[in-house]
Each structure stands twice: as C-alpha cells, then as structure tokens.
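One structure below.
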Amino acid sequence: MPMIDGTQLLRTIDFVRNLFLKRHNLDPTTSAQYYVVYTISGCGSTFTSLLRDVQQILDYTGYRGRRELERGRELLLKDGMIAKILFHYKTNSNKEKKNRIFRGEQYLPVNPVLIYDDLSQRPDTSFLPTDLETQLLQKLGEYWKENFKEHGFLIEKGILTVYCAAPWLLFSLLNFLSIWKKEQKTLYILTSGTKWCRPPLFYPLTSALEEGLEMRVLLDTSKKTKELEQLKKMRQVEVRHLRGEEAITNRLTFAGSQYIVDMHKILGTEDKNSNYIATIYLSMEHIAKQFDESFENRWKNARPL
C-alpha cells in the first residue's frame, strides 16, 4: 500500500462508510474497509496483503479480519460498487507489467468521486462533506485514477470481460461521459429496454446532450415506457425501433469512437440489482469499425419512433 497516514486512512474509511450508508448498503463498515484499502492498493494486490494492511490499521487479530474483508468484498460486488474481472484478452502492457496487473485480487472499484456526485444530485439526500472529507475524497480519487487509469478499467487498450451489478455499469458510463465530451460527437446505444435512462446516468447524460453530444438509440422492443417518452423529448436524440425484432434477453450496448461496452443481463437472479456479464473494448479500431457498419445497417432498416 502507498504511504498514507493511518489516522487519515481511518477517516477516509469512515467517510466512505457514510457514503455507503446513504446508498442503503447492508453493512457499510466492512464494505468501506475493503473499498478504501483496495482502491489505494490497486488491482494486483493479493488478498493476503490487503488483509495484513486492514489488520494493522484496525488492530484485528486471527480470523476476524479475514471474515470481515471477505464480507465487505461480497457486499460491494452485490451493491455494484466493484466488478470482478473474468477475462482479459489483449492489452498494450508489456509482459512484466501485464503479469503484475492481472494477479491477486482482480476487481474494479467505482470512481469514489462519482459515488459522491450521485448522492449530491439526489433531491432526497442532504450530504455535505466537510473540508477535510472533501480532501480525503479527492485523494482517494487520485489513488483510483493512478491505479485503474482514466477509464477505470485498469488498461488503456484491450478487451476485458467482467461480472458486475447494474450500478457499476452505470457509474462506468458516467465516468466515460466526461471523456466523450472531449473527443466524442455521437453516442450509439443498442438496447432491449430503457431503464438505463434513469439516475444516476440521466442527469449527466442530459448535461452532455446540452453541451453538444448527439445520441442514436436502437430499440429491439416496441414496449412504451416513461423513459422512452423522455428520450424522444430530448434534443439531439434519435430513437428507432428494429422492425421485426423483439428482445428475448436483456442486452445493452454503448459505443463511442474509442469505447464499446456490450452487456448481457443474467436472467433469474434475485438480487436487488440486476447482474450482467459485460465485455469492454478499449481503443480496438477494427472492432469499432465492425460495430459501426453493423449499427448503420440496422439503423437504415429501423423505424423512427
């Protein structure tokens, strides 16, 4: 773990615990411990090294620290605050760096700054951090960016498959909106539904559209929803229905020039959040070209809504 004052780390854990409480997490204490230590240590740290750090900081002994850390990790995965890496197909890392990155614990935490931003935009939540807490949040965000890169996927080029709950996907897309504002003119979406067009994604998406982002949405369902009506009213948004195609499974694909995320819902699960298997393509030009061609062909044959 990078050098950090023990008192400051405890305060950071307590601050993140309060964030998780506001999100109605079942056990925010153990979740916050794992999340903070893992964000600072980064992917590639072994569970044993994380456990040792937590035991030293919180003065745990014996088996107790292991149980709590495992419990915190489990809850974070269910709550959509971390995603589990399943496969990595190709990266731009050299062999030594790649082996270091993809050993030990392989989870990707949500950007901590986005967790706070989500809470601050909710009309039913009053959460004002102190100056010290703001500094702690900023520092934790710096660790996150250093360890997991600007996109939050650990790599800057390659293909990554993860298991995650719906909030993790939405927060990842939120993180990408700031990048899209700089280099992306059009966002392409292929979807079986419209639930994604809700907070926390709805407000930043609306802001990005107002700043010039265009969005083209292909629906493979004709079901009318409140979210669909909202989409149709948005400026710079086109929505079309794939005639003759009705979804039998829940799929959602977001695509920009440097980024594609293709996710499929795992049916039959009873968790409070929907679970997905998602494949993320970063700076893979030949795959982006194939997607563009496929999307354009479908767009031409789709019916405007």
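Starting from 1 in every chain, residues are counted up; chains themselves are A, B, ... following the order of the structure tokens, and ligands are numbered from 1 as listed.
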
Residues within 12 Å of Phe291 in chain A, please, as a PDB file with N, CA and C atoms, in the first residue's frame. Count only C-alpha atoms; anything in the same chain fewer than 2 positions from it doesn't count.
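File part-v5.pdb, as written:
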```pdb
ATOM      1  N   TYR A 188     -23.679   5.884 -29.500  1.00  0.00           N
ATOM      2  CA  TYR A 188     -24.556   4.886 -30.110  1.00  0.00           C
ATOM      3  C   TYR A 188     -25.000   3.891 -29.039  1.00  0.00           C
ATOM      4  N   ILE A 189     -26.311   3.613 -29.019  1.00  0.00           N
ATOM      5  CA  ILE A 189     -26.854   2.712 -28.000  1.00  0.00           C
ATOM      6  C   ILE A 189     -27.764   1.691 -28.673  1.00  0.00           C
ATOM      7  N   LEU A 190     -27.483   0.421 -28.425  1.00  0.00           N
ATOM      8  CA  LEU A 190     -28.340  -0.687 -28.868  1.00  0.00           C
ATOM      9  C   LEU A 190     -28.885  -1.344 -27.612  1.00  0.00           C
ATOM     10  N   THR A 253     -25.876  -2.134 -25.258  1.00  0.00           N
ATOM     11  CA  THR A 253     -24.561  -1.825 -25.822  1.00  0.00           C
ATOM     12  C   THR A 253     -24.419  -0.323 -25.969  1.00  0.00           C
ATOM     13  N   PHE A 254     -23.354   0.229 -25.396  1.00  0.00           N
ATOM     14  CA  PHE A 254     -22.992   1.628 -25.576  1.00  0.00           C
ATOM     15  C   PHE A 254     -21.710   1.667 -26.402  1.00  0.00           C
ATOM     16  N   ALA A 255     -21.629   2.607 -27.331  1.00  0.00           N
ATOM     17  CA  ALA A 255     -20.434   2.671 -28.168  1.00  0.00           C
ATOM     18  C   ALA A 255     -20.079   4.104 -28.521  1.00  0.00           C
ATOM     19  N   GLY A 256     -18.780   4.407 -28.431  1.00  0.00           N
ATOM     20  CA  GLY A 256     -18.205   5.651 -28.915  1.00  0.00           C
ATOM     21  C   GLY A 256     -17.038   5.310 -29.812  1.00  0.00           C
ATOM     22  N   SER A 257     -16.233   6.282 -30.159  1.00  0.00           N
ATOM     23  CA  SER A 257     -15.144   6.041 -31.092  1.00  0.00           C
ATOM     24  C   SER A 257     -14.021   5.204 -30.496  1.00  0.00           C
ATOM     25  N   GLN A 258     -13.789   5.311 -29.177  1.00  0.00           N
ATOM     26  CA  GLN A 258     -12.699   4.588 -28.544  1.00  0.00           C
ATOM     27  C   GLN A 258     -13.171   3.558 -27.519  1.00  0.00           C
ATOM     28  N   TYR A 259     -14.488   3.369 -27.433  1.00  0.00           N
ATOM     29  CA  TYR A 259     -15.001   2.587 -26.317  1.00  0.00           C
ATOM     30  C   TYR A 259     -16.309   1.915 -26.694  1.00  0.00           C
ATOM     31  N   ILE A 260     -16.392   0.599 -26.436  1.00  0.00           N
ATOM     32  CA  ILE A 260     -17.632  -0.147 -26.612  1.00  0.00           C
ATOM     33  C   ILE A 260     -17.826  -1.007 -25.371  1.00  0.00           C
ATOM     34  N   VAL A 261     -19.011  -0.968 -24.812  1.00  0.00           N
ATOM     35  CA  VAL A 261     -19.331  -1.891 -23.722  1.00  0.00           C
ATOM     36  C   VAL A 261     -20.590  -2.655 -24.118  1.00  0.00           C
ATOM     37  N   ASP A 262     -20.471  -3.973 -24.176  1.00  0.00           N
ATOM     38  CA  ASP A 262     -21.559  -4.853 -24.607  1.00  0.00           C
ATOM     39  C   ASP A 262     -21.939  -5.732 -23.423  1.00  0.00           C
ATOM     40  N   TYR A 281     -14.459  -3.019 -24.794  1.00  0.00           N
ATOM     41  CA  TYR A 281     -13.438  -2.894 -25.831  1.00  0.00           C
ATOM     42  C   TYR A 281     -12.873  -1.473 -25.769  1.00  0.00           C
ATOM     43  N   MET A 284      -9.971  -0.417 -29.660  1.00  0.00           N
ATOM     44  CA  MET A 284      -9.834  -1.526 -30.601  1.00  0.00           C
ATOM     45  C   MET A 284     -10.487  -1.098 -31.915  1.00  0.00           C
ATOM     46  N   GLU A 285      -9.704  -0.507 -32.807  1.00  0.00           N
ATOM     47  CA  GLU A 285     -10.234   0.161 -34.000  1.00  0.00           C
ATOM     48  C   GLU A 285     -10.970  -0.796 -34.932  1.00  0.00           C
ATOM     49  N   HIS A 286     -10.442  -2.004 -35.133  1.00  0.00           N
ATOM     50  CA  HIS A 286     -11.091  -2.922 -36.067  1.00  0.00           C
ATOM     51  C   HIS A 286     -12.449  -3.392 -35.536  1.00  0.00           C
ATOM     52  N   ILE A 287     -12.573  -3.547 -34.218  1.00  0.00           N
ATOM     53  CA  ILE A 287     -13.854  -3.936 -33.628  1.00  0.00           C
ATOM     54  C   ILE A 287     -14.839  -2.773 -33.701  1.00  0.00           C
ATOM     55  N   ALA A 288     -14.344  -1.554 -33.459  1.00  0.00           N
ATOM     56  CA  ALA A 288     -15.201  -0.368 -33.553  1.00  0.00           C
ATOM     57  C   ALA A 288     -15.735  -0.203 -34.973  1.00  0.00           C
ATOM     58  N   LYS A 289     -14.900  -0.486 -35.956  1.00  0.00           N
ATOM     59  CA  LYS A 289     -15.328  -0.376 -37.354  1.00  0.00           C
ATOM     60  C   LYS A 289     -16.423  -1.390 -37.669  1.00  0.00           C
ATOM     61  N   GLU A 293     -20.390  -0.445 -38.794  1.00  0.00           N
ATOM     62  CA  GLU A 293     -21.033  -0.957 -40.007  1.00  0.00           C
ATOM     63  C   GLU A 293     -22.321  -1.696 -39.675  1.00  0.00           C
ATOM     64  N   SER A 294     -22.280  -2.519 -38.630  1.00  0.00           N
ATOM     65  CA  SER A 294     -23.473  -3.262 -38.215  1.00  0.00           C
ATOM     66  C   SER A 294     -24.569  -2.315 -37.739  1.00  0.00           C
ATOM     67  N   PHE A 295     -24.190  -1.320 -36.948  1.00  0.00           N
ATOM     68  CA  PHE A 295     -25.167  -0.364 -36.413  1.00  0.00           C
ATOM     69  C   PHE A 295     -25.810   0.423 -37.551  1.00  0.00           C
ATOM     70  N   GLU A 296     -25.024   0.896 -38.509  1.00  0.00           N
ATOM     71  CA  GLU A 296     -25.554   1.692 -39.621  1.00  0.00           C
ATOM     72  C   GLU A 296     -26.526   0.882 -40.468  1.00  0.00           C
ATOM     73  N   ASN A 297     -26.227  -0.384 -40.713  1.00  0.00           N
ATOM     74  CA  ASN A 297     -27.132  -1.237 -41.493  1.00  0.00           C
ATOM     75  C   ASN A 297     -28.457  -1.425 -40.772  1.00  0.00           C
ATOM     76  N   ARG A 298     -28.402  -1.632 -39.480  1.00  0.00           N
ATOM     77  CA  ARG A 298     -29.631  -1.774 -38.708  1.00  0.00           C
ATOM     78  C   ARG A 298     -30.389  -0.453 -38.627  1.00  0.00           C
ATOM     79  N   TRP A 299     -29.665   0.643 -38.505  1.00  0.00           N
ATOM     80  CA  TRP A 299     -30.293   1.956 -38.403  1.00  0.00           C
ATOM     81  C   TRP A 299     -31.107   2.277 -39.669  1.00  0.00           C
TER      82      TRP A 299
END
```

Near-range 148-155 of chain A list (7 Å; only C-alpha atoms; drop same-chain fewer than 3 positions) as a VMD selection string: chain A and resid 91 108 144 to 145 158 175 to 176

Just the selected residues (C-alpha atoms), exported as a PDB file, in the first residue's frame, please.
```pdb
ATOM      1  CA  THR A  91      -3.612  -5.252 -23.572  1.00  0.00           C
ATOM      2  CA  LEU A 108     -12.501  -2.836 -10.394  1.00  0.00           C
ATOM      3  CA  TRP A 144      -8.197   5.398  -8.046  1.00  0.00           C
ATOM      4  CA  LYS A 145      -7.093   7.145 -11.240  1.00  0.00           C
ATOM      5  CA  GLY A 158      -7.602  -4.143 -24.977  1.00  0.00           C
ATOM      6  CA  ASN A 175     -17.050   8.222 -15.946  1.00  0.00           C
ATOM      7  CA  PHE A 176     -16.898   7.979 -19.721  1.00  0.00           C
TER       8      PHE A 176
END
```

Spatial neighbours of Leu77 in chain A, 7 Å, only C-alpha atoms, chain gap at least 5 places, as a PyMOL selection string: chain A and resi 82-83+164-165

Generate the output file for the selected residues, C-alpha atoms, as a PDB file, in the first residue's frame.
```
ATOM      1  CA  ILE A  82     -16.920  -3.179  -7.630  1.00  0.00           C
ATOM      2  CA  ALA A  83     -16.820  -5.540 -10.627  1.00  0.00           C
ATOM      3  CA  CYS A 164     -20.951  -6.848 -12.246  1.00  0.00           C
ATOM      4  CA  ALA A 165     -24.209  -5.440 -10.916  1.00  0.00           C
TER       5      ALA A 165
END
```

Selected residue, from A:Tyr35, A:Tyr276, A:Tyr163, A:Phe15, that lies nearest to Val54 in chain A when counting only C-alpha atoms: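 Using only C-alpha atoms, the shortest distance to Val54 in chain A belongs to A:Tyr35.
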
Distance criterion (only C-alpha atoms): nearest to Asp292 in chain A out of A:Lys272, A:Arg216, A:Lys223, A:Arg240: A:Arg216

Strand (DSSP E or B) residues, from DSSP on the backbone, in range 164-215 of chain A, as a PyMOL selection string: chain A and resi 164-165+186-191+214-215

Restrict the selected residues to C-alpha atoms and save them as a tab-separated table (two decimals), in the first residue's frame.
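The new file result.tsv reads:
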```
chain	number	residue	atom	x	y	z
A	164	CYS	CA	-20.95	-6.85	-12.25
A	165	ALA	CA	-24.21	-5.44	-10.92
A	186	THR	CA	-22.10	10.77	-31.14
A	187	LEU	CA	-23.06	8.07	-28.64
A	188	TYR	CA	-24.56	4.89	-30.11
A	189	ILE	CA	-26.85	2.71	-28.00
A	190	LEU	CA	-28.34	-0.69	-28.87
A	191	THR	CA	-30.75	-1.75	-26.16
A	214	GLU	CA	-25.63	13.51	-30.03
A	215	MET	CA	-27.25	10.16	-29.30
```

Selection near Thr130 in chain A, 12 Å with only C-alpha atoms, sequence-local residues under 6 positions removed, as a list in words: Arg11, Phe15, Leu136 and Leu137 of chain A

Residues flagged alpha helix (DSSP H) by DSSP in range 3-195 of chain A, as number ranges by chain: A: 6-22, 28-41, 47-58, 64-79, 95-101, 112-121, 131-148, 166-183

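You can rank A:Leu69, A:Leu213, A:Leu219, A:Leu169 by their closest distance to Val110 in chain A using only C-alpha atoms, and at the top of that list sits A:Leu169.
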
Given only C-alpha atoms as the counted atoms, nearest of A:Ile280, A:Ile115, A:Leu140, A:Leu228 to Lys22 in chain A: A:Ile115

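Remark: for Arg66 in chain A, the closest of the candidate residues A:Thr161, A:Thr134, A:Gln33, A:Ser41 is A:Gln33 (distances computed over only C-alpha atoms).
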